[in-house]
Amino acid sequence: MNARAARTAAATGTSRLLTRPMLLLLVASVGGMGGFYLLLSVLPLYAATAGGGGVGAGLTTGAMMLATVLAEPAVPWALARFGHRAVVGAGLLLLGLPSAVLCLWSSFPLTLGVCLARGVGLGIVVVAGTALAAELAPPGRRSESLGLYGVSLGVPSVLGLPAGVWLSDRLGFEPVFLMTAALTLLALPAVAGLPARRATRGERLSGDPDGRKGDPDGRNGELGGLSEDPGVRNGAPDGPLGAAVNRSLVRPTLILGAATFASGVLVTFLPLALLGGPSHLAVVALLVQASVAPLARWGAGWWGDRHGSSSLLLPAVLAVALGTAGLVRLESPVMVIVSMVLFGAGFGAVQNLTLATMFERVPRSGFGRVSVVWNLAFDAGMGLGAVGFGLLIDRTGYPWGFAVTAVLLLAVLVPAWHDRRYVQAETT
């Protein structure tokens with residue numbers, strides 16, 4: 001048994017993954033991301049059917065992701081200033097309540113305004129949640145903890161993505177807008193049990209929400225005196241952009257950005273690309289992709305703790321590329337579903353593997369900055385994918401657009417291969 005496996009075996013026998021703070025974080029994340037995914041494919045349909053066309057559909061996702069990218073760098077400061085409860089609560093409200101405004105007025109500028117507000121809420125929830133999930137992880141089980149957190153982000157997509165499209169087709173758009181607002185409000189009570197500030201050792205290991213058991217005097221808010229987890233590489237540059245300028249994070253960031261570029265294309269345009277095809281094919285395709293991704297994300301976390309996260313990056317990126325390429329055959333329902341299985345498996349794995357890899361390469365003091373960088377890459381990729389594909393398909397059509405996206409993904413196999421060699425060189 002190698003050193004990594006020995007540490008994992010010791011940790012899993014003595015530490016609990018699902019503590020009370022972690023459980024409440026998962027509940028809040030499910031509510032927030034449920035509100036996000038319920039409208040993710042609906043708002044592009046809403047904009048397109050209102051006369052915006054493909055460009056308007058792409059702009060809805062692009063505007064939301066732009067606001068997310070702009071908001072995310074400020075989240076660590078807000079957490080330090082106001083605490084997890086206030087910040088995550090504000091994020092949930094921004095994700096849900098603005099959608100209800102669309103029941104009162106209908107205009108494309110207002111739709112973009114709602115998307116911008118939702119983007120700020122999304123940036124708050126994902127950055128705060130990612131950093132807290134890493135902090136709450138017991139020793140030796142960080143990848144698995146991130147995988148569990150990833151499931152809480154993925155499960156809402158299993159229901160929300162297809163349900164939003166199906167409900168808007170059956171009931172109209174307004175009921176879906178109201179459901180989104182209600183879902184995020186229902187998650188607010190869980191926020192009251194989140195840590196008031198950054199997690200402490202007592203909070204991670206004992207499940208004490210305020211860290212009082214491990215920090216009776218309240219002086220450990222910045223994890224003073226705690227040693228780094230085994231396997232964390234020290235020496236990352238400090239400062240506000242410390243994680244961003246760590247060269248070992250560049251390749252995982254590029255890989256994630258490319259995968260989410262393709263995801264932005266799919267969630268925005270697949271329902272439009274399949275209009276006029278077999279009934280409910282878009283709903284089934286989104287359901288399949290959304291169901292496979294969180295399982296792959298959790299499975300990749302389990303593998304990463306035992307064998308290293310970088311070892312799976314290359315096949316994960318290949319699965320994303322092949323899944324996207326398969327959508328060239330939009331006329332074949334079987335090919336569409338198979339493509340969504342491949343894409344979901346690869347995309348879920350890429351999310352966990354890149355995040356765990358980046359956390360491994362910084363000290364614990366850099367977790368907040370890594371969370372920002374990872375989420376910036378995720379959301380920027382998704383927004384660029386939606387806007388760029390919207391401009392492209394007016395000239396090429398959907399099949400050629402998916403082919404071009406697949407070629408871009410194949411190019412990312414190069415940094416994935418180099419990252420694997422980098423890790424092998426570091427461990428020998």
# chains A, B, ... in the order shown; residues from 1 in each chain; ligands from 1

call {"tool": "residues_around", "arguments": {"residues": "Leu39 in chain A", "least_positions_apart": "3", "cutoff": "9 Å", "atoms": "only C-alpha atoms", "output": "JSON, numbers by chain"}}
result
{"A": [34, 35, 36, 42, 43, 44, 99, 160, 161, 164, 165, 176, 177, 180]}

call {"tool": "atom_distance", "arguments": {"atom1": "CA of Leu272 in chain A", "atom2": "CA of Gly385 in chain A"}}
result
15.1 Å

call {"tool": "residues_around", "arguments": {"residues": "Ala133 in chain A", "least_positions_apart": "5", "cutoff": "8 Å", "atoms": "only C-alpha atoms", "output": "VMD selection string"}}
result
chain A and resid 22 25 145 to 146 149

call {"tool": "closest_residue", "arguments": {"among": "A:Val158, A:Leu266, A:Leu256, A:Leu327", "to": "Trp374 in chain A", "atoms": "only C-alpha atoms"}}
result
A:Leu256

call {"tool": "residues_around", "arguments": {"residues": "Leu185 in chain A", "least_positions_apart": "6", "cutoff": "10 Å", "atoms": "only C-alpha atoms", "output": "list in words"}}
result
Ala28, Gly31, Gly32, Gly35, Gly89, Leu92, Leu93, Leu95, Gly96, Leu97 and Met179 of chain A

call {"tool": "write_last_selection", "arguments": {"atoms": "all heavy atoms", "output": "compact mmCIF listing (two decimals), in the first residue's frame"}}
result
# COMPACT_ATOMS: atom_id res chain seq x y z
N ALA A 28 -28.23 23.73 1.83
CA ALA A 28 -28.25 25.08 1.25
C ALA A 28 -27.83 25.05 -0.22
O ALA A 28 -28.41 25.75 -1.06
CB ALA A 28 -27.33 26.01 2.04
N GLY A 31 -30.67 23.71 -2.50
CA GLY A 31 -31.70 24.72 -2.74
C GLY A 31 -31.23 25.79 -3.71
O GLY A 31 -31.95 26.16 -4.64
N GLY A 32 -30.01 26.28 -3.49
CA GLY A 32 -29.50 27.34 -4.36
C GLY A 32 -29.29 26.85 -5.78
O GLY A 32 -29.69 27.52 -6.75
N GLY A 35 -32.48 26.31 -7.76
CA GLY A 35 -32.97 27.54 -8.38
C GLY A 35 -32.16 27.93 -9.60
O GLY A 35 -32.69 28.51 -10.55
N GLY A 89 -26.74 33.47 2.54
CA GLY A 89 -28.16 33.84 2.52
C GLY A 89 -28.46 34.86 1.43
O GLY A 89 -29.46 34.74 0.69
N LEU A 92 -28.44 33.11 -1.98
CA LEU A 92 -29.67 32.36 -2.25
C LEU A 92 -30.80 33.29 -2.70
O LEU A 92 -31.55 32.97 -3.63
CB LEU A 92 -30.10 31.58 -1.01
CG LEU A 92 -29.22 30.38 -0.62
CD1 LEU A 92 -29.69 29.79 0.70
CD2 LEU A 92 -29.24 29.32 -1.72
N LEU A 93 -30.94 34.42 -2.02
CA LEU A 93 -32.00 35.37 -2.39
C LEU A 93 -31.81 35.90 -3.80
O LEU A 93 -32.77 36.01 -4.58
CB LEU A 93 -32.04 36.52 -1.39
CG LEU A 93 -32.51 36.17 0.02
CD1 LEU A 93 -32.37 37.38 0.94
CD2 LEU A 93 -33.97 35.69 0.01
N LEU A 95 -30.31 34.40 -6.26
CA LEU A 95 -30.53 33.34 -7.23
C LEU A 95 -32.01 33.13 -7.53
O LEU A 95 -32.37 32.72 -8.64
CB LEU A 95 -29.94 32.02 -6.72
CG LEU A 95 -28.53 31.66 -7.17
CD1 LEU A 95 -28.03 30.42 -6.43
CD2 LEU A 95 -28.47 31.44 -8.66
N GLY A 96 -32.87 33.40 -6.54
CA GLY A 96 -34.27 33.06 -6.72
C GLY A 96 -35.24 34.20 -6.92
O GLY A 96 -36.02 34.19 -7.87
N LEU A 97 -35.20 35.19 -6.05
CA LEU A 97 -36.23 36.23 -6.05
C LEU A 97 -36.32 37.05 -7.34
O LEU A 97 -37.43 37.36 -7.79
CB LEU A 97 -36.02 37.17 -4.85
CG LEU A 97 -36.43 36.61 -3.49
CD1 LEU A 97 -36.25 37.68 -2.42
CD2 LEU A 97 -37.86 36.11 -3.50
N MET A 179 -41.65 29.05 -9.07
CA MET A 179 -41.07 27.87 -8.42
C MET A 179 -39.61 28.10 -8.06
O MET A 179 -39.14 27.67 -7.00
CB MET A 179 -41.19 26.66 -9.34
CG MET A 179 -42.59 26.14 -9.55
SD MET A 179 -42.57 24.75 -10.73
CE MET A 179 -44.34 24.65 -11.10

call {"tool": "closest_residue", "arguments": {"among": "A:Leu159, A:Leu384, A:Val151, A:Leu287", "to": "Gly299 in chain A", "atoms": "only C-alpha atoms"}}
result
A:Val151

call {"tool": "closest_residue", "arguments": {"among": "A:Pro271, A:Pro21, A:Pro294, A:Gly121", "to": "Leu94 in chain A", "atoms": "only C-alpha atoms"}}
result
A:Gly121

call {"tool": "closest_residue", "arguments": {"among": "A:Thr130, A:Ser152, A:Thr253, A:Ser365", "to": "Met33 in chain A", "atoms": "only C-alpha atoms"}}
result
A:Ser152

call {"tool": "residues_around", "arguments": {"residues": "Leu313 in chain A", "least_positions_apart": "2", "cutoff": "9 Å", "atoms": "only C-alpha atoms", "output": "ChimeraX atom specification"}}
result
/A:252,255,309-311,315-318,346,349-350,353-354,413,416-417,419-420

call {"tool": "residues_around", "arguments": {"residues": "Val341 in chain A", "least_positions_apart": "5", "cutoff": "12 Å", "atoms": "only C-alpha atoms", "output": "list in words"}}
result
Val284, Ala285, Leu286, Leu287, Val288, Gln289, Ala290, Ser291, Val292, Ala293, Pro294, Leu295, Ala296, Ala319, Val320, Ala321, Leu322, Gly323, Thr324, Gly326, Leu327, Val334, Met335, Val336, Gly346, Phe347 and Gly348 of chain A

call {"tool": "write_last_selection", "arguments": {"atoms": "N, CA, C and O atoms", "output": "CSV table (one decimal), in the first residue's frame"}}
result
chain,number,residue,atom,x,y,z
A,284,VAL,N,-35.1,14.3,-22.0
A,284,VAL,CA,-34.4,13.0,-21.7
A,284,VAL,C,-32.9,13.2,-21.8
A,284,VAL,O,-32.1,12.7,-20.9
A,285,ALA,N,-32.4,13.9,-22.8
A,285,ALA,CA,-31.0,14.1,-23.0
A,285,ALA,C,-30.4,14.9,-21.8
A,285,ALA,O,-29.3,14.5,-21.3
A,286,LEU,N,-31.1,16.0,-21.4
A,286,LEU,CA,-30.6,16.8,-20.3
A,286,LEU,C,-30.6,16.0,-19.0
A,286,LEU,O,-29.8,16.1,-18.1
A,287,LEU,N,-31.7,15.1,-18.8
A,287,LEU,CA,-31.8,14.3,-17.6
A,287,LEU,C,-30.6,13.3,-17.6
A,287,LEU,O,-30.1,13.1,-16.5
A,288,VAL,N,-30.3,12.7,-18.7
A,288,VAL,CA,-29.2,11.7,-18.7
A,288,VAL,C,-27.9,12.3,-18.3
A,288,VAL,O,-27.2,11.8,-17.5
A,289,GLN,N,-27.6,13.5,-19.0
A,289,GLN,CA,-26.3,14.1,-18.7
A,289,GLN,C,-26.3,14.6,-17.3
A,289,GLN,O,-25.2,14.4,-16.6
A,290,ALA,N,-27.4,15.2,-16.8
A,290,ALA,CA,-27.4,15.7,-15.4
A,290,ALA,C,-27.3,14.5,-14.4
A,290,ALA,O,-26.8,14.7,-13.3
A,291,SER,N,-27.8,13.3,-14.7
A,291,SER,CA,-27.8,12.2,-13.8
A,291,SER,C,-26.4,11.6,-13.7
A,291,SER,O,-25.9,11.2,-12.6
A,292,VAL,N,-25.7,11.5,-14.8
A,292,VAL,CA,-24.4,10.9,-14.9
A,292,VAL,C,-23.3,11.7,-14.3
A,292,VAL,O,-22.4,11.2,-13.6
A,293,ALA,N,-23.4,13.1,-14.5
A,293,ALA,CA,-22.3,14.0,-14.0
A,293,ALA,C,-22.0,13.9,-12.5
A,293,ALA,O,-20.9,13.8,-12.1
A,294,PRO,N,-23.0,14.0,-11.6
A,294,PRO,CA,-22.7,14.0,-10.2
A,294,PRO,C,-22.2,12.6,-9.7
A,294,PRO,O,-21.3,12.6,-8.8
A,295,LEU,N,-22.6,11.5,-10.3
A,295,LEU,CA,-22.1,10.2,-10.0
A,295,LEU,C,-20.6,10.1,-10.4
A,295,LEU,O,-19.8,9.6,-9.6
A,296,ALA,N,-20.3,10.7,-11.6
A,296,ALA,CA,-18.9,10.7,-12.0
A,296,ALA,C,-18.1,11.6,-11.1
A,296,ALA,O,-16.9,11.3,-10.8
A,319,ALA,N,-13.6,11.9,-22.9
A,319,ALA,CA,-15.0,11.6,-22.8
A,319,ALA,C,-15.9,12.9,-23.1
A,319,ALA,O,-16.9,12.8,-23.8
A,320,VAL,N,-15.5,14.0,-22.6
A,320,VAL,CA,-16.2,15.3,-22.9
A,320,VAL,C,-16.1,15.6,-24.4
A,320,VAL,O,-17.1,16.0,-25.0
A,321,ALA,N,-15.0,15.4,-25.0
A,321,ALA,CA,-14.8,15.7,-26.4
A,321,ALA,C,-15.6,14.8,-27.3
A,321,ALA,O,-16.3,15.2,-28.2
A,322,LEU,N,-15.6,13.5,-27.0
A,322,LEU,CA,-16.4,12.5,-27.7
A,322,LEU,C,-17.9,12.7,-27.6
A,322,LEU,O,-18.6,12.6,-28.5
A,323,GLY,N,-18.3,13.1,-26.4
A,323,GLY,CA,-19.7,13.4,-26.1
A,323,GLY,C,-20.2,14.5,-26.9
A,323,GLY,O,-21.3,14.5,-27.5
A,324,THR,N,-19.4,15.6,-27.0
A,324,THR,CA,-19.7,16.7,-27.8
A,324,THR,C,-19.7,16.4,-29.3
A,324,THR,O,-20.6,16.8,-30.1
A,326,GLY,N,-20.4,13.6,-30.7
A,326,GLY,CA,-21.5,12.8,-31.1
A,326,GLY,C,-22.8,13.6,-31.4
A,326,GLY,O,-23.7,13.1,-32.1
A,327,LEU,N,-22.9,14.8,-31.0
A,327,LEU,CA,-24.0,15.7,-31.2
A,327,LEU,C,-24.1,16.2,-32.7
A,327,LEU,O,-25.1,16.8,-33.1
A,334,VAL,N,-30.6,7.9,-30.5
A,334,VAL,CA,-29.7,7.0,-29.8
A,334,VAL,C,-28.3,7.7,-29.6
A,334,VAL,O,-27.7,7.7,-28.6
A,335,MET,N,-27.8,8.3,-30.7
A,335,MET,CA,-26.5,9.0,-30.7
A,335,MET,C,-26.6,10.1,-29.7
A,335,MET,O,-25.6,10.4,-29.0
A,336,VAL,N,-27.7,10.9,-29.6
A,336,VAL,CA,-27.8,12.0,-28.7
A,336,VAL,C,-27.7,11.5,-27.3
A,336,VAL,O,-26.9,12.1,-26.5
A,346,GLY,N,-17.6,12.5,-18.4
A,346,GLY,CA,-16.4,13.2,-18.5
A,346,GLY,C,-16.4,14.6,-17.8
A,346,GLY,O,-15.5,14.9,-17.0
A,347,PHE,N,-17.6,15.3,-17.9
A,347,PHE,CA,-17.7,16.6,-17.3
A,347,PHE,C,-17.7,16.5,-15.8
A,347,PHE,O,-17.1,17.3,-15.1
A,348,GLY,N,-18.4,15.5,-15.2
A,348,GLY,CA,-18.5,15.4,-13.8
A,348,GLY,C,-17.1,15.1,-13.2
A,348,GLY,O,-16.7,15.6,-12.2

call {"tool": "closest_residue", "arguments": {"among": "A:Trp298, A:Val265, A:Pro278, A:Ile124", "to": "Thr405 in chain A", "atoms": "only C-alpha atoms"}}
result
A:Val265

call {"tool": "atom_distance", "arguments": {"atom1": "CA of Pro189 in chain A", "atom2": "CA of Met64 in chain A"}}
result
25.6 Å

call {"tool": "residues_around", "arguments": {"residues": "Ile393 in chain A", "least_positions_apart": "5", "cutoff": "12 Å", "atoms": "only C-alpha atoms", "output": "list in words"}}
result
Gly53, Gly54, Val55, Ala57, Gly58, Val265, Phe269, Leu272, Ala273, Gly385, Ala386, Val387, Gly388, Tyr398, Pro399, Trp400, Gly401, Phe402, Ala403, Val404 and Thr405 of chain A

call {"tool": "closest_residue", "arguments": {"among": "A:Leu23, A:Ala262, A:Leu410, A:Leu194", "to": "Met340 in chain A", "atoms": "only C-alpha atoms"}}
result
A:Ala262

call {"tool": "select_by_dssp", "arguments": {"residues": "range 279-380 of chain A", "states": "alpha helix (DSSP H)", "output": "PyMOL selection string"}}
result
chain A and resi 281-307+313-325+333-360+367-380
